[in-house]
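Asks: Below is the file work.txt, with compact mmCIF, C-alpha atoms.
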# COMPACT_ATOMS: atom_id res chain seq x y z
CA MET A 982 0.00 0.00 0.00
CA SER A 983 2.75 2.45 1.01
CA THR A 984 4.73 1.69 -2.15
CA LEU A 985 1.70 2.42 -4.31
CA ILE A 986 1.17 5.76 -2.52
CA TYR A 987 4.80 6.81 -2.93
CA LEU A 988 4.80 5.81 -6.60
CA SER A 989 1.64 7.87 -7.12
CA ILE A 990 3.32 10.91 -5.52
CA LEU A 991 6.37 10.40 -7.74
CA MET A 992 4.12 10.22 -10.77
CA LEU A 993 2.50 13.52 -9.74
CA ALA A 994 5.94 15.11 -9.54
CA LEU A 995 6.90 13.83 -13.01
CA LEU A 996 3.65 15.20 -14.42
CA GLY A 997 4.59 18.69 -13.25
CA THR A 998 2.46 18.96 -10.12
CA PRO A 999 3.47 22.03 -8.06
CA ILE A 1000 6.34 21.20 -5.72
CA PHE A 1001 4.48 22.24 -2.55
CA ILE A 1002 1.75 19.66 -3.27
CA VAL A 1003 4.32 16.92 -3.86
CA MET A 1004 6.22 17.72 -0.67
CA SER A 1005 3.03 17.95 1.40
CA ALA A 1006 1.76 14.63 0.10
CA PHE A 1007 5.09 12.92 0.73
CA ALA A 1008 5.39 14.33 4.26
CA LEU A 1009 1.84 13.37 5.23
CA ALA A 1010 2.24 9.87 3.77
CA ALA A 1011 5.61 9.38 5.46
CA PHE A 1012 4.35 10.43 8.89
CA TYR A 1013 1.19 8.33 8.46
CA PHE A 1014 3.06 5.12 7.61
CA SER A 1015 5.60 5.67 10.38
CA GLY A 1016 2.82 6.01 12.96
CA VAL A 1017 3.50 9.67 13.84
CA GLU A 1018 0.61 12.12 14.34
CA LEU A 1019 0.00 14.24 11.25
CA SER A 1020 -0.19 17.28 13.52
CA ALA A 1021 3.64 17.27 13.41
CA VAL A 1022 3.36 19.04 10.04
CA ALA A 1023 1.05 21.73 11.45
CA VAL A 1024 3.39 22.31 14.40
CA GLU A 1025 6.26 23.13 12.04
CA ILE A 1026 4.08 25.58 10.11
CA TYR A 1027 3.10 27.32 13.36
CA ARG A 1028 6.77 27.54 14.38
CA LEU A 1029 7.59 29.21 11.07
CA ALA A 1030 4.72 31.69 11.37
CA SER A 1031 5.85 32.71 14.85
CA ALA A 1032 9.47 33.40 13.82
CA PRO A 1033 10.07 37.18 13.95
CA THR A 1034 12.53 37.10 11.03
CA ILE A 1035 9.82 35.86 8.66
CA LEU A 1036 8.61 39.47 8.32
CA THR A 1037 11.82 40.46 6.53
CA ILE A 1038 10.87 38.41 3.47
CA PRO A 1039 7.74 40.31 2.34
CA LEU A 1040 9.05 43.71 3.44
CA PHE A 1041 12.40 43.62 1.63
CA THR A 1042 10.76 42.06 -1.44
CA PHE A 1043 8.16 44.84 -1.53
CA ALA A 1044 10.90 47.49 -1.24
CA GLY A 1045 12.79 45.94 -4.15
CA TYR A 1046 9.73 45.77 -6.38
CA VAL A 1047 8.85 49.41 -5.66
CA LEU A 1048 12.37 50.45 -6.67
CA ALA A 1049 12.22 48.37 -9.85
CA GLU A 1050 8.89 49.89 -10.90
CA SER A 1051 9.97 53.48 -10.22
CA LYS A 1052 12.48 55.64 -12.09
CA ALA A 1053 15.16 54.69 -9.57
CA PRO A 1054 16.96 52.43 -12.11
CA ILE A 1055 17.45 55.40 -14.46
CA ARG A 1056 18.71 57.66 -11.67
CA LEU A 1057 21.09 55.00 -10.36
CA LEU A 1058 22.31 54.28 -13.89
CA LYS A 1059 23.24 57.94 -14.35
CA LEU A 1060 24.89 57.96 -10.94
CA SER A 1061 26.97 54.88 -11.76
CA GLN A 1062 27.94 56.28 -15.16
CA ALA A 1063 29.07 59.55 -13.59
CA PHE A 1064 31.35 57.74 -11.13
CA LEU A 1065 32.49 54.76 -13.22
CA GLY A 1066 31.73 55.51 -16.88
CA TRP A 1067 35.18 57.07 -17.51
CA MET A 1068 36.97 53.80 -16.65
CA PRO A 1069 37.92 51.18 -19.25
CA GLY A 1070 34.89 48.92 -19.41
CA GLY A 1071 33.08 51.52 -17.32
CA VAL A 1072 29.61 51.07 -18.82
CA ALA A 1073 29.75 47.29 -18.32
CA ILE A 1074 30.90 47.82 -14.72
CA VAL A 1075 27.96 50.18 -14.25
CA CYS A 1076 25.68 47.32 -15.31
CA LEU A 1077 27.33 45.04 -12.75
CA PHE A 1078 26.71 47.49 -9.91
CA LEU A 1079 23.18 48.36 -10.94
CA CYS A 1080 22.05 44.74 -11.41
CA ALA A 1081 23.69 43.66 -8.15
CA PHE A 1082 21.85 46.43 -6.29
CA PHE A 1083 18.45 45.49 -7.64
CA THR A 1084 18.89 41.74 -7.29
CA ALA A 1085 19.96 42.22 -3.67
CA PHE A 1086 16.75 44.10 -2.92
CA THR A 1087 14.29 42.05 -4.97
CA GLY A 1088 15.89 38.65 -4.32
CA ALA A 1089 14.61 37.60 -7.74
CA SER A 1090 16.94 37.23 -10.70
CA GLY A 1091 14.14 37.39 -13.25
CA VAL A 1092 12.93 40.76 -11.98
CA THR A 1093 16.37 42.29 -12.58
CA ILE A 1094 16.66 40.95 -16.14
CA ILE A 1095 13.12 41.95 -17.11
CA ALA A 1096 13.14 45.35 -15.38
CA LEU A 1097 16.67 46.46 -16.30
CA GLY A 1098 17.44 44.44 -19.43
CA GLY A 1099 15.58 46.78 -21.76
CA LEU A 1100 17.41 49.74 -20.21
CA LEU A 1101 20.96 48.33 -20.15
CA TYR A 1102 21.12 46.25 -23.34
CA PRO A 1103 20.82 49.15 -25.84
CA ILE A 1104 23.31 51.21 -23.79
CA LEU A 1105 25.91 48.42 -24.00
CA ILE A 1106 25.36 48.04 -27.75
CA GLU A 1107 25.55 51.82 -28.27
CA GLU A 1108 28.85 51.87 -26.37
CA GLY A 1109 30.34 49.44 -28.88
CA TYR A 1110 30.10 46.15 -26.99
CA SER A 1111 29.23 43.07 -29.03
CA GLU A 1112 25.73 41.64 -28.82
CA LYS A 1113 27.25 38.41 -27.52
CA PHE A 1114 28.96 40.19 -24.62
CA ALA A 1115 25.92 42.34 -23.80
CA LEU A 1116 23.56 39.36 -23.67
CA GLY A 1117 25.97 37.31 -21.58
CA LEU A 1118 26.61 40.15 -19.13
CA ILE A 1119 22.95 40.95 -18.49
CA THR A 1120 22.01 37.27 -18.22
CA THR A 1121 24.78 36.74 -15.66
CA CYS A 1122 24.14 39.97 -13.75
CA GLY A 1123 20.55 38.93 -13.13
CA SER A 1124 21.67 36.86 -10.15
CA LEU A 1125 24.81 38.78 -9.23
CA GLY A 1126 23.53 40.48 -6.08
CA LEU A 1127 22.27 37.39 -4.24
CA LEU A 1128 25.23 37.43 -1.82
CA PHE A 1129 24.67 41.06 -0.79
CA PRO A 1130 22.28 42.19 1.95
CA PRO A 1131 19.34 42.31 2.15
CA SER A 1132 19.15 39.36 -0.27
CA LEU A 1133 16.03 37.26 0.19
CA PRO A 1134 17.87 33.92 -0.29
CA ILE A 1135 20.26 34.87 2.54
CA ILE A 1136 17.33 35.56 4.85
CA LEU A 1137 15.61 32.33 3.87
CA TYR A 1138 18.82 30.34 4.37
CA GLY A 1139 19.23 31.84 7.83
CA ILE A 1140 15.69 30.86 8.79
CA ILE A 1141 16.05 27.29 7.51
CA ALA A 1142 19.57 26.68 8.86
CA LYS A 1143 19.03 28.63 12.10
CA VAL A 1144 22.09 30.79 11.37
CA ASP A 1145 22.27 34.44 12.46
CA ILE A 1146 21.02 36.49 9.49
CA ASP A 1147 23.07 39.56 10.42
CA GLN A 1148 26.25 37.46 10.32
CA LEU A 1149 25.20 35.94 7.00
CA PHE A 1150 24.75 39.42 5.54
CA LEU A 1151 28.30 40.27 6.56
CA ALA A 1152 29.76 36.92 5.41
CA GLY A 1153 28.51 37.38 1.83
CA VAL A 1154 30.02 40.83 1.23
CA VAL A 1155 33.61 39.87 0.28
CA PRO A 1156 32.63 36.80 -1.83
CA GLY A 1157 30.09 39.00 -3.61
CA ILE A 1158 32.74 41.64 -4.30
CA LEU A 1159 35.08 38.91 -5.59
CA LEU A 1160 32.48 37.81 -8.14
CA MET A 1161 31.99 41.41 -9.27
CA MET A 1162 35.75 42.01 -9.53
CA LEU A 1163 36.30 38.99 -11.79
CA LEU A 1164 33.41 39.99 -14.05
CA GLY A 1165 34.60 43.60 -13.98
CA LEU A 1166 38.11 42.59 -15.07
CA TYR A 1167 36.62 40.57 -17.91
CA SER A 1168 34.54 43.61 -18.91
CA ILE A 1169 37.69 45.75 -19.00
CA PHE A 1170 39.41 43.08 -21.13
CA GLU A 1171 36.47 43.04 -23.57
CA SER A 1172 36.53 46.84 -23.88
CA ARG A 1173 40.21 46.99 -24.95
CA ASN A 1174 39.32 47.18 -28.67
CA ASN A 1175 36.18 49.23 -28.18
CA PRO A 1176 36.25 52.00 -30.81
CA ARG A 1177 33.84 54.19 -28.88
CA LYS A 1178 35.21 57.27 -27.19
CA LYS A 1179 35.42 56.87 -23.44
CA HIS A 1180 33.20 58.99 -21.19
CA ILE A 1181 34.97 62.07 -19.89
CA PHE A 1182 35.01 62.47 -16.13
CA SER A 1183 32.89 65.48 -15.20
CA LEU A 1184 32.51 66.85 -11.69
CA THR A 1185 29.41 68.72 -12.83
CA ASP A 1186 27.76 65.52 -14.09
CA MET A 1187 28.71 63.75 -10.88
CA LYS A 1188 27.14 66.44 -8.72
CA GLN A 1189 23.97 66.38 -10.81
CA ALA A 1190 23.75 62.57 -10.66
CA VAL A 1191 24.23 62.61 -6.88
CA TRP A 1192 21.50 65.22 -6.55
CA ASP A 1193 19.08 63.28 -8.76
CA ALA A 1194 19.70 60.05 -6.78
CA ARG A 1195 19.81 61.78 -3.38
CA PHE A 1196 16.92 59.70 -2.06
CA GLU A 1197 18.21 56.33 -3.34
CA ILE A 1198 21.79 56.78 -2.07
CA PRO A 1199 20.94 56.64 1.68
CA LEU A 1200 19.02 53.34 1.40
CA PRO A 1201 21.92 50.84 1.60
CA PHE A 1202 23.50 52.92 4.38
CA ILE A 1203 20.25 52.85 6.34
CA VAL A 1204 19.99 49.05 6.00
CA LEU A 1205 23.63 48.08 6.50
CA GLY A 1206 24.57 50.87 8.89
CA GLY A 1207 21.50 50.21 11.01
CA ILE A 1208 22.09 46.46 11.25
CA TYR A 1209 25.86 46.46 11.78
CA GLY A 1210 25.81 49.59 13.91
CA GLY A 1211 23.53 47.76 16.31
CA PHE A 1212 20.68 50.24 15.87
CA LEU A 1213 18.32 47.95 13.94
CA THR A 1214 17.50 44.28 13.69
CA ALA A 1215 17.06 42.78 10.21
CA THR A 1216 13.28 42.88 10.73
CA GLU A 1217 13.30 46.55 11.71
CA ALA A 1218 15.59 47.40 8.79
CA SER A 1219 13.18 45.69 6.37
CA ALA A 1220 10.23 47.69 7.72
CA ILE A 1221 12.13 50.97 7.49
CA SER A 1222 13.28 50.14 3.93
CA ALA A 1223 9.74 49.39 2.78
CA GLY A 1224 8.36 52.55 4.37
CA TYR A 1225 11.22 54.68 3.06
CA VAL A 1226 10.94 53.63 -0.60
CA LEU A 1227 7.16 53.92 -0.48
CA ILE A 1228 7.27 57.50 0.85
CA VAL A 1229 10.07 58.57 -1.50
CA ASN A 1230 8.60 57.14 -4.69
CA CYS A 1231 4.96 58.00 -4.01
CA PHE A 1232 5.14 61.35 -2.24
CA ILE A 1233 8.55 62.92 -2.96
CA SER A 1234 9.73 61.88 -6.43
CA ARG A 1235 6.15 60.85 -7.31
CA ASP A 1236 7.29 58.13 -9.70
CA LEU A 1237 4.42 55.91 -8.60
CA SER A 1238 0.79 56.49 -7.74
CA ILE A 1239 -0.29 55.22 -4.34
CA THR A 1240 -3.70 54.27 -5.75
CA LYS A 1241 -2.80 52.99 -9.24
CA ASP A 1242 0.74 51.60 -9.14
CA ILE A 1243 1.26 50.41 -5.56
CA PRO A 1244 -1.59 47.85 -5.58
CA LYS A 1245 -0.01 46.24 -8.65
CA VAL A 1246 3.42 46.23 -6.96
CA ILE A 1247 1.93 44.64 -3.85
CA VAL A 1248 0.32 41.88 -5.91
CA GLU A 1249 3.51 41.16 -7.87
CA SER A 1250 5.82 41.14 -4.85
CA LEU A 1251 3.51 39.15 -2.60
CA THR A 1252 2.89 36.60 -5.35
CA LEU A 1253 6.58 35.76 -5.15
CA VAL A 1254 6.55 35.84 -1.34
CA GLY A 1255 3.39 33.73 -1.16
CA ALA A 1256 4.90 31.07 -3.39
CA ILE A 1257 8.05 30.96 -1.24
CA LEU A 1258 6.16 30.73 2.04
CA LEU A 1259 3.80 28.08 0.69
CA ILE A 1260 6.72 25.91 -0.40
CA LEU A 1261 8.48 26.58 2.89
CA CYS A 1262 5.51 25.55 5.03
CA CYS A 1263 5.01 22.34 3.08
CA ALA A 1264 8.72 21.51 3.05
CA LEU A 1265 9.11 21.88 6.82
CA GLY A 1266 6.98 18.81 7.44
CA LEU A 1267 9.03 16.79 4.97
CA THR A 1268 12.27 18.07 6.48
CA ASN A 1269 11.08 17.14 9.96
CA TYR A 1270 10.43 13.57 8.82
CA LEU A 1271 13.86 13.27 7.14
CA VAL A 1272 15.56 14.48 10.33
CA ASP A 1273 13.50 12.14 12.53
CA GLU A 1274 14.46 9.19 10.34
CA GLU A 1275 18.13 10.29 10.42
CA ILE A 1276 18.30 10.38 6.62
CA PRO A 1277 21.24 12.86 6.58
CA MET A 1278 23.27 10.59 8.86
CA LYS A 1279 22.57 7.60 6.63
CA ILE A 1280 23.72 9.63 3.61
CA LEU A 1281 26.85 10.60 5.53
CA GLU A 1282 27.66 6.98 6.34
CA SER A 1283 27.38 6.04 2.67
CA MET A 1284 29.52 9.04 1.65
CA ARG A 1285 32.32 8.19 4.06
CA VAL A 1286 33.33 5.27 1.87
CA LEU A 1287 34.27 7.66 -0.95
CA ILE A 1288 34.76 11.01 0.82
CA THR A 1289 37.46 11.05 3.48
CA ASN A 1290 38.14 14.73 4.16
CA LYS A 1291 36.55 18.18 4.19
CA TYR A 1292 38.03 19.35 0.89
CA LEU A 1293 36.79 16.35 -1.05
CA PHE A 1294 33.39 16.86 0.57
CA LEU A 1295 33.34 20.52 -0.54
CA LEU A 1296 34.29 19.56 -4.10
CA THR A 1297 31.52 16.95 -4.21
CA LEU A 1298 29.10 19.46 -2.70
CA ASN A 1299 29.93 22.02 -5.39
CA ALA A 1300 29.27 19.54 -8.20
CA PHE A 1301 26.01 18.46 -6.58
CA LEU A 1302 24.78 22.02 -5.95
CA LEU A 1303 25.58 23.20 -9.48
CA ILE A 1304 23.22 20.48 -10.72
CA VAL A 1305 20.62 21.41 -8.11
CA GLY A 1306 20.96 25.09 -8.98
CA CYS A 1307 20.11 24.60 -12.63
CA LEU A 1308 17.24 22.19 -11.94
CA MET A 1309 15.48 23.93 -9.03
CA ASP A 1310 14.74 27.55 -8.21
CA ILE A 1311 16.91 28.92 -5.43
CA PHE A 1312 14.12 29.10 -2.85
CA SER A 1313 13.03 25.49 -3.30
CA ALA A 1314 16.66 24.35 -3.25
CA ILE A 1315 17.32 26.15 0.04
CA ILE A 1316 14.23 24.71 1.65
CA VAL A 1317 14.73 21.14 0.45
CA VAL A 1318 18.51 20.67 0.35
CA VAL A 1319 19.87 22.75 3.26
CA PRO A 1320 18.46 20.53 6.06
CA LEU A 1321 20.07 17.51 4.40
CA ILE A 1322 23.57 18.90 3.98
CA ILE A 1323 23.97 20.75 7.30
CA PRO A 1324 24.44 17.60 9.47
CA ILE A 1325 26.90 16.19 6.92
CA ALA A 1326 28.87 19.46 6.80
CA GLU A 1327 29.03 19.49 10.61
CA GLN A 1328 30.67 16.07 10.55
CA PHE A 1329 33.39 17.47 8.29
CA GLN A 1330 33.70 20.57 10.52
CA VAL A 1331 32.68 23.06 7.83
CA ASN A 1332 31.88 26.45 9.37
CA PRO A 1333 28.11 27.18 9.08
CA LEU A 1334 28.71 30.65 7.61
CA HIS A 1335 31.22 29.30 5.10
CA LEU A 1336 28.79 26.54 4.13
CA ALA A 1337 26.02 29.11 3.61
CA ILE A 1338 28.05 31.27 1.23
CA VAL A 1339 29.35 28.24 -0.71
CA PHE A 1340 25.76 27.00 -1.00
CA LEU A 1341 24.36 30.35 -2.17
CA THR A 1342 27.23 30.96 -4.62
CA ASN A 1343 26.57 27.59 -6.23
CA LEU A 1344 22.89 28.36 -6.66
CA GLU A 1345 23.71 31.83 -7.99
CA ILE A 1346 25.85 30.17 -10.66
CA GLY A 1347 23.08 27.63 -11.26
CA TYR A 1348 20.95 30.43 -12.72
CA ILE A 1349 23.21 30.49 -15.82
CA THR A 1350 24.20 26.82 -15.93
CA PRO A 1351 22.95 24.94 -19.04
CA PRO A 1352 20.76 23.24 -19.89
CA VAL A 1353 17.97 24.64 -17.69
CA GLY A 1354 19.43 27.61 -15.76
CA ILE A 1355 16.45 29.90 -15.30
CA ASN A 1356 18.29 33.11 -16.32
CA LEU A 1357 18.94 31.60 -19.74
CA PHE A 1358 15.22 31.18 -20.36
CA ILE A 1359 14.29 34.58 -18.92
CA SER A 1360 16.84 36.31 -21.18
CA SER A 1361 15.68 34.23 -24.13
CA PHE A 1362 12.16 35.54 -23.54
CA ARG A 1363 13.22 39.13 -22.76
CA PHE A 1364 15.52 39.60 -25.77
CA ASN A 1365 13.77 37.23 -28.19
CA LYS A 1366 16.87 35.06 -28.65
CA SER A 1367 17.14 31.28 -28.82
CA VAL A 1368 18.15 29.48 -25.63
CA ILE A 1369 21.00 27.81 -27.54
CA GLU A 1370 22.42 31.24 -28.32
CA LEU A 1371 22.18 32.17 -24.63
CA TYR A 1372 24.06 28.96 -23.76
CA LYS A 1373 26.96 30.10 -25.95
CA VAL A 1374 27.17 33.70 -24.74
CA SER A 1375 27.03 32.72 -21.06
CA ILE A 1376 29.98 30.27 -21.16
CA PRO A 1377 32.80 32.82 -20.48
CA PHE A 1378 30.83 34.27 -17.56
CA LEU A 1379 30.04 30.80 -16.24
CA ILE A 1380 33.75 29.88 -16.25
CA LEU A 1381 34.67 33.06 -14.36
CA MET A 1382 32.00 32.45 -11.74
CA ILE A 1383 33.17 28.86 -11.24
CA VAL A 1384 36.70 30.18 -10.68
CA ALA A 1385 35.30 32.54 -8.04
CA LEU A 1386 33.35 29.64 -6.51
CA LEU A 1387 36.51 27.57 -6.11
CA LEU A 1388 38.27 30.51 -4.44
CA ILE A 1389 35.33 31.04 -2.07
CA THR A 1390 35.15 27.32 -1.32
CA TYR A 1391 38.82 26.68 -0.59
CA ILE A 1392 39.73 30.02 0.99
CA PRO A 1393 37.29 30.24 3.94
CA TRP A 1394 39.02 33.46 5.02
CA LEU A 1395 37.08 35.32 2.29
CA THR A 1396 33.89 34.56 4.19
CA LEU A 1397 35.12 34.40 7.78
CA PHE A 1398 37.78 37.10 8.15
CA TRP A 1399 35.17 39.47 9.71
CA PHE A 1400 34.74 36.99 12.54
CA ASN A 1401 38.39 35.96 13.07
CA SER A 1402 39.70 39.38 14.08
Have the structure of the file written as structure tokens, please.
Replies:
Amino acid sequence: MSTLIYLSILMLALLGTPIFIVMSAFALAAFYFSGVELSAVAVEIYRLASAPTILTIPLFTFAGYVLAESKAPIRLLKLSQAFLGWMPGGVAIVCLFLCAFFTAFTGASGVTIIALGGLLYPILIEEGYSEKFALGLITTCGSLGLLFPPSLPIILYGIIAKVDIDQLFLAGVVPGILLMMLLGLYSIFESRNNPRKKHIFSLTDMKQAVWDARFEIPLPFIVLGGIYGGFLTATEASAISAGYVLIVNCFISRDLSITKDIPKVIVESLTLVGAILLILCCALGLTNYLVDEEIPMKILESMRVLITNKYLFLLTLNAFLLIVGCLMDIFSAIIVVVPLIIPIAEQFQVNPLHLAIVFLTNLEIGYITPPVGINLFISSFRFNKSVIELYKVSIPFLILMIVALLLITYIPWLTLFWFNS
């Protein structure tokens, strides 16, 4: 009887049934056949709902969506160009910074590509970059900011793994900068034969750009300064961010209408949040069962035959997570995979913060990993290009990000130096 039920659930998954239904069905069936009360699933959902950090997810997501829908991208683009446009590869580096900023606040790679792609792509082409480079850069940059606060995947990872979110925010800063530096150096290399005249540094343009973006500039300082200065918790920072961008964009710059635009933004942002929370609630019951049955420990015992040290474990983990990252969205992967790998990583004495950044970097790279990295399909839709073409243009960027991943994986200092001083 139990075999028939499990096969039926597997068949539902293969037929494309939403993942939260599959996980719920599996968890309920597993608890039922093991003789455990089904209320164990409801208890986990209640525990999630009562966690104070859960509020950061909808609030930061809302703030990011408001920024994306306003004219903030244009103002920040001009600001970045004024400060960086004079450099070799300056316009491409501007794209890196701008995309990283918006991905960090929205937590959604697709939002960045769709919202900013139409703005950045023609600028890159106009500046003399090849179509191949422009497509590859924007496709890659869609997920570039996931290691920077207040990234939604970082918050979700902290909730699932029970790791301090403020420390996770800090741990991701240097690895995130490393990724941007490697891509920035490649952008400078690509611009070496660019026939276009470089932008001339202008103090007047810089002052004007700073004035135009005067309300956007304080936002990261409010969030990061408040959290690391000890003035705000992550939850309080998310509430202030949401309130700040709402007031600025509706009542000061008046980019958005509080009656016409904000309801649409609320629906779009909370659709993403609702999907995440629904998957999370359903996955908690399944995770609880796997832990009760000591599934991670059984996996560890089988791995010990082949994996004998921490470094081999990390290499195997990277290969596994790159596959996971291109097959599952980042939120589902965090919810499903993290509880399984944490006990194994503990056995190999991998620092929890280091594990988190390695995990998130892998999934960030998974967005552009063929054959089914989600950024490839979003860019294909956004720019009306074949997915095969996107595979080709993303390869140089994929190689660079894997190099950064190996550095992050095998040099824990990049993640932990904040905490070793």
Asks: Rank A:Phe1294, A:Phe1150, A:Phe1129, A:Phe1041 by their smallest atom-to-atom distance to A:Thr1390, using only C-alpha atoms, and report the top residue only.
Replies: A:Phe1294
Asks: Residues near stretch 1359-1370 of chain A, anyone? I mean within 9 Å using all atoms listed in the file, not counting same-chain ones fewer than 4 positions away, as a ChimeraX atom specification.
Replies: /A:1091,1094-1095,1098-1099,1113,1116,1119-1120,1352,1355,1374-1375
Asks: Take the point (28.9, 19.5, -1.4) in the file's coordinates, draw a sphere of radius 9 Å around it, and report as a PyMOL selection string every protein, DNA or RNA residue with an atom inside or on it, counting only C-alpha atoms.
Replies: chain A and resi 1293-1302+1322+1326+1336+1339-1340
Asks: Quick one, how far is atom CA of A:Ser1234 from atom CA of A:Val1254?
Replies: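 Atom CA of A:Ser1234 sits 26.7 Å away from atom CA of A:Val1254.
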Asks: Could you check which of A:Ala1010, A:Val1229, A:Ile1349, A:Ile1288 is closest to A:Ile1325, using only C-alpha atoms?
Replies: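 Among A:Ala1010, A:Val1229, A:Ile1349, A:Ile1288, it is A:Ile1288 that comes nearest to A:Ile1325.
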Asks: Can you tell me, as a list in words, what residues are no more than 8 Å from A:Ser1222 when counting only C-alpha atoms, ignoring any on the same chain fewer than 3 positions away?
Replies: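 Everything that qualifies: Leu1040, Phe1041, Ala1044, Leu1200, Ile1203, Val1204, Ala1218, Ser1219, Tyr1225 and Val1226 of chain A.
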Asks: For each of A:Leu1251, A:Ala1142, A:Ile1383, A:Ile1002, take the minimum atom-to-atom distance to A:Pro1320, counting all atoms listed in the file, then give the residue where this is smallest.
Replies: A:Ala1142
Asks: In Å, how far is it from atom CA of A:Lys1143 to atom CA of A:Leu1127?
Replies: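 About the pair atom CA of A:Lys1143 and atom CA of A:Leu1127: they are 18.8 Å apart.
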Asks: Quick one: residues within 9 Å of A:Asp1186, all atoms listed in the file counted, chain neighbours fewer than 3 positions away excluded, as a list in words?
Replies: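 Counting all atoms listed in the file, the residues come to Lys1059, Leu1060, Ala1063, Phe1182, Ser1183, Gln1189, Ala1190 and Val1191 of chain A.
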Asks: Write a file of the just-selected residues containing C-alpha atoms, as a PDB file, in the coordinates of the input.
Replies:
ATOM      1  CA  LYS A1059      23.240  57.940 -14.350  1.00  0.00           C
ATOM      2  CA  LEU A1060      24.890  57.960 -10.940  1.00  0.00           C
ATOM      3  CA  ALA A1063      29.070  59.550 -13.590  1.00  0.00           C
ATOM      4  CA  PHE A1182      35.010  62.470 -16.130  1.00  0.00           C
ATOM      5  CA  SER A1183      32.890  65.480 -15.200  1.00  0.00           C
ATOM      6  CA  GLN A1189      23.970  66.380 -10.810  1.00  0.00           C
ATOM      7  CA  ALA A1190      23.750  62.570 -10.660  1.00  0.00           C
ATOM      8  CA  VAL A1191      24.230  62.610  -6.880  1.00  0.00           C
TER       9      VAL A1191
END
Asks: Can you tell me how far atom CA of A:Thr1342 sits from atom CA of A:Leu1065, in Å to one decimal?
Replies: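 Value for the atom CA of A:Thr1342-atom CA of A:Leu1065 distance: 25.8 Å.
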Asks: Which polymer residues have any atom within 8 Å of an atom of stretch 1049-1055 of chain A, counting all atoms listed in the file, with same-chain residues fewer than 5 positions away left out, as a list of chain:residue names?
Replies: A:Leu1079, A:Phe1083, A:Val1092, A:Thr1093, A:Ala1096, A:Leu1097, A:Ala1194, A:Glu1197, A:Asn1230, A:Asp1236, A:Leu1237, A:Val1246
Asks: I need the residue nearest A:Leu1381 from this list: A:Gly1153, A:Gly1165, A:Pro1131, A:Gly1139. Use all atoms listed in the file for the distance.
Replies: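 Between A:Gly1153, A:Gly1165, A:Pro1131, A:Gly1139, the residue approaching A:Leu1381 most closely is A:Gly1165.
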Asks: So, counting only C-alpha atoms, which residue among A:Ile1106, A:Cys1122, A:Phe1378, A:Thr1252 is closest to A:Val1075?
Replies: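 When distances to A:Val1075 are compared using only C-alpha atoms, the smallest one comes from A:Cys1122.
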Asks: Could you give me, as a list in words, the residues that sit within 12 Å of (34.6, 36.1, 10.4) in the file's coordinates, counting all atoms listed in the file?
Replies: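 Result, sorted by chain then residue number: Gln1148, Leu1149, Phe1150, Leu1151, Ala1152, Gly1153, Val1154, Val1155, Asn1332, Pro1333, Leu1334, His1335, Pro1393, Trp1394, Leu1395, Thr1396, Leu1397, Phe1398, Trp1399, Phe1400, Asn1401 and Ser1402 of chain A.
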Asks: Please produce an output containing C-alpha atoms for each residue in the selection, written as an mmCIF file, in the frame of the given file.
Replies:
data_model
loop_
_atom_site.group_PDB
_atom_site.id
_atom_site.type_symbol
_atom_site.label_atom_id
_atom_site.label_comp_id
_atom_site.auth_asym_id
_atom_site.auth_seq_id
_atom_site.Cartn_x
_atom_site.Cartn_y
_atom_site.Cartn_z
ATOM 1 C CA GLN A 1148 26.250 37.460 10.320
ATOM 2 C CA LEU A 1149 25.200 35.940 7.000
ATOM 3 C CA PHE A 1150 24.750 39.420 5.540
ATOM 4 C CA LEU A 1151 28.300 40.270 6.560
ATOM 5 C CA ALA A 1152 29.760 36.920 5.410
ATOM 6 C CA GLY A 1153 28.510 37.380 1.830
ATOM 7 C CA VAL A 1154 30.020 40.830 1.230
ATOM 8 C CA VAL A 1155 33.610 39.870 0.280
ATOM 9 C CA ASN A 1332 31.880 26.450 9.370
ATOM 10 C CA PRO A 1333 28.110 27.180 9.080
ATOM 11 C CA LEU A 1334 28.710 30.650 7.610
ATOM 12 C CA HIS A 1335 31.220 29.300 5.100
ATOM 13 C CA PRO A 1393 37.290 30.240 3.940
ATOM 14 C CA TRP A 1394 39.020 33.460 5.020
ATOM 15 C CA LEU A 1395 37.080 35.320 2.290
ATOM 16 C CA THR A 1396 33.890 34.560 4.190
ATOM 17 C CA LEU A 1397 35.120 34.400 7.780
ATOM 18 C CA PHE A 1398 37.780 37.100 8.150
ATOM 19 C CA TRP A 1399 35.170 39.470 9.710
ATOM 20 C CA PHE A 1400 34.740 36.990 12.540
ATOM 21 C CA ASN A 1401 38.390 35.960 13.070
ATOM 22 C CA SER A 1402 39.700 39.380 14.080
#
Asks: Which residues come within 9 Å of A:Ile1169, counting all atoms listed in the file, excluding same-chain residues fewer than 5 positions away, as a PDB file with C-alpha atoms, keeping the file's coordinate frame?
Replies:
ATOM      1  CA  MET A1068      36.970  53.800 -16.650  1.00  0.00           C
ATOM      2  CA  PRO A1069      37.920  51.180 -19.250  1.00  0.00           C
ATOM      3  CA  GLY A1070      34.890  48.920 -19.410  1.00  0.00           C
ATOM      4  CA  GLY A1071      33.080  51.520 -17.320  1.00  0.00           C
ATOM      5  CA  ALA A1073      29.750  47.290 -18.320  1.00  0.00           C
ATOM      6  CA  ILE A1074      30.900  47.820 -14.720  1.00  0.00           C
ATOM      7  CA  LEU A1164      33.410  39.990 -14.050  1.00  0.00           C
TER       8      LEU A1164
END
Asks: With distances taken over only C-alpha atoms, which residue among A:Leu1227, A:Val1384, A:Phe1086, A:Gly1255 lies nearest A:Asp1242?
Replies: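 Ranked by minimum distance to A:Asp1242, first place goes to A:Leu1227.
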